[in-house]
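Remarks on the structure that follows.
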Amino acid sequence: MPEEDVLELKFRLLDGSDIGPFRYSPASTVAMLKERIVAEWPKDKKGGPKSANDIKLINAGKILENNKTVGQCRTPFGELPKGVITMHAVVQMSLTKAKTEKKMDEAPKTNVCACAIL
C-alpha cells in the first residue's frame, strides 16, 4: 500500500488519555478500529468496553457507523496533510444489557400483608 494512502489515527478516551497512534488503510472499517480499541484498552482503567459494540467512535462531531470505511468517514483536513487524526472513543454499554440488568432489579417482589382485622 502506498505511503500516502495510509492514515494515522489515535483514539481519545473520556479521561483525556490516548490509545495509539496506529496506521490504517482507507479500506479499514470502523468495526475493525473498534476491535483494535478493545484489544488495546488500558487494563488499569475502569469501565472499559466488553466488546466493540460498547464503543462509539466520533470524528468531526459525527458518530461513525460500523460498516463504513475509514476513507468514507475521513473529513478533509487541508491544513494537516500528514497529521494524526484524533477520534473520540466513548464507552456506552449496549441498551439490551442495561435493560436486562434493570429488569433483574425490578423483579416482582412478593408482598406479604401482616394486617390483622379485628
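Every chain in the C-alpha cells has a letter given in the order shown (A, B, ...), and although residue numbers restart at 1 in each chain, ligands are simply numbered from 1 in the order shown.
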
Which residues, written as a compact mmCIF listing (two decimals) with all heavy atoms, in the first residue's frame, have at least one atom at most 10 Å from segment 13-16 of chain A, with only C-alpha atoms counted and residues fewer than 3 positions away on the same chain left out?
```
# COMPACT_ATOMS: atom_id res chain seq x y z
N LYS A 10 -5.46 8.17 16.17
CA LYS A 10 -5.36 7.89 17.59
C LYS A 10 -6.75 8.09 18.18
O LYS A 10 -7.60 8.78 17.59
CB LYS A 10 -4.32 8.74 18.29
CG LYS A 10 -4.63 10.21 18.38
CD LYS A 10 -3.52 10.94 19.13
CE LYS A 10 -3.79 12.44 19.15
NZ LYS A 10 -2.75 13.15 19.89
N ILE A 19 -5.15 6.29 22.97
CA ILE A 19 -4.70 4.98 22.50
C ILE A 19 -4.18 5.21 21.09
O ILE A 19 -4.88 5.72 20.24
CB ILE A 19 -5.85 3.95 22.49
CG1 ILE A 19 -6.40 3.73 23.90
CG2 ILE A 19 -5.39 2.65 21.87
CD1 ILE A 19 -7.61 2.82 23.95
N TRP A 41 -7.22 -1.42 24.94
CA TRP A 41 -7.74 -0.65 26.08
C TRP A 41 -6.85 -0.85 27.29
O TRP A 41 -6.51 -1.98 27.63
CB TRP A 41 -9.16 -1.08 26.40
CG TRP A 41 -9.86 -0.13 27.32
CD1 TRP A 41 -9.87 -0.17 28.67
CD2 TRP A 41 -10.62 1.01 26.96
NE1 TRP A 41 -10.59 0.87 29.18
CE2 TRP A 41 -11.08 1.62 28.15
CE3 TRP A 41 -10.99 1.58 25.74
CZ2 TRP A 41 -11.87 2.76 28.15
CZ3 TRP A 41 -11.76 2.72 25.75
CH2 TRP A 41 -12.19 3.30 26.95
N LYS A 45 -7.69 0.87 33.57
CA LYS A 45 -8.82 1.79 33.55
C LYS A 45 -10.12 1.04 33.80
O LYS A 45 -10.37 0.00 33.22
CB LYS A 45 -8.91 2.50 32.20
CG LYS A 45 -7.78 3.45 31.98
CD LYS A 45 -8.10 4.38 30.85
CE LYS A 45 -6.94 5.26 30.50
NZ LYS A 45 -6.52 6.13 31.56
N MET A 87 -9.76 10.60 16.94
CA MET A 87 -11.17 10.25 17.05
C MET A 87 -11.47 10.02 18.53
O MET A 87 -10.63 9.53 19.27
CB MET A 87 -11.47 8.97 16.27
CG MET A 87 -11.30 9.12 14.79
SD MET A 87 -11.81 7.62 13.96
CE MET A 87 -11.58 8.08 12.26
N HIS A 88 -12.65 10.38 18.93
CA HIS A 88 -13.05 10.19 20.32
C HIS A 88 -13.71 8.82 20.47
O HIS A 88 -14.58 8.47 19.68
CB HIS A 88 -14.00 11.29 20.78
CG HIS A 88 -13.34 12.62 20.84
ND1 HIS A 88 -12.76 13.10 21.98
CD2 HIS A 88 -13.12 13.56 19.89
CE1 HIS A 88 -12.22 14.28 21.73
NE2 HIS A 88 -12.42 14.58 20.47
N ALA A 89 -13.27 8.06 21.47
CA ALA A 89 -13.83 6.74 21.76
C ALA A 89 -14.62 6.84 23.06
O ALA A 89 -14.07 7.12 24.12
CB ALA A 89 -12.71 5.71 21.90
N VAL A 90 -15.93 6.64 22.95
CA VAL A 90 -16.82 6.73 24.10
C VAL A 90 -17.38 5.35 24.38
O VAL A 90 -17.89 4.69 23.48
CB VAL A 90 -17.97 7.72 23.82
CG1 VAL A 90 -18.92 7.79 24.99
CG2 VAL A 90 -17.41 9.10 23.50
N VAL A 91 -17.26 4.91 25.63
CA VAL A 91 -17.82 3.62 26.03
C VAL A 91 -19.26 3.84 26.44
O VAL A 91 -19.57 4.63 27.31
CB VAL A 91 -17.01 2.99 27.19
CG1 VAL A 91 -17.66 1.69 27.63
CG2 VAL A 91 -15.58 2.75 26.77
```

key: For Leu9 of chain A: contacts at 9 Å, only C-alpha atoms, fewer than 6 positions along chain excluded, given as JSON, numbers by chain   = {"A": [20, 21, 22, 23, 24, 83, 84, 85, 86, 87]}

request  = Grab the atom CA of Phe11 of chain A to atom CA of Thr29 of chain A distance for me, in Å with one decimal place.
outcome  =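 Interatomic distance here is 14.9 Å.
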
Nearest residue to Lys34 of chain A from the set A:Ser51, A:Gln92, A:Ser17, A:Thr69 (distances using only C-alpha atoms) =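 That would be A:Ser51, the residue with the smallest distance to Lys34 of chain A.
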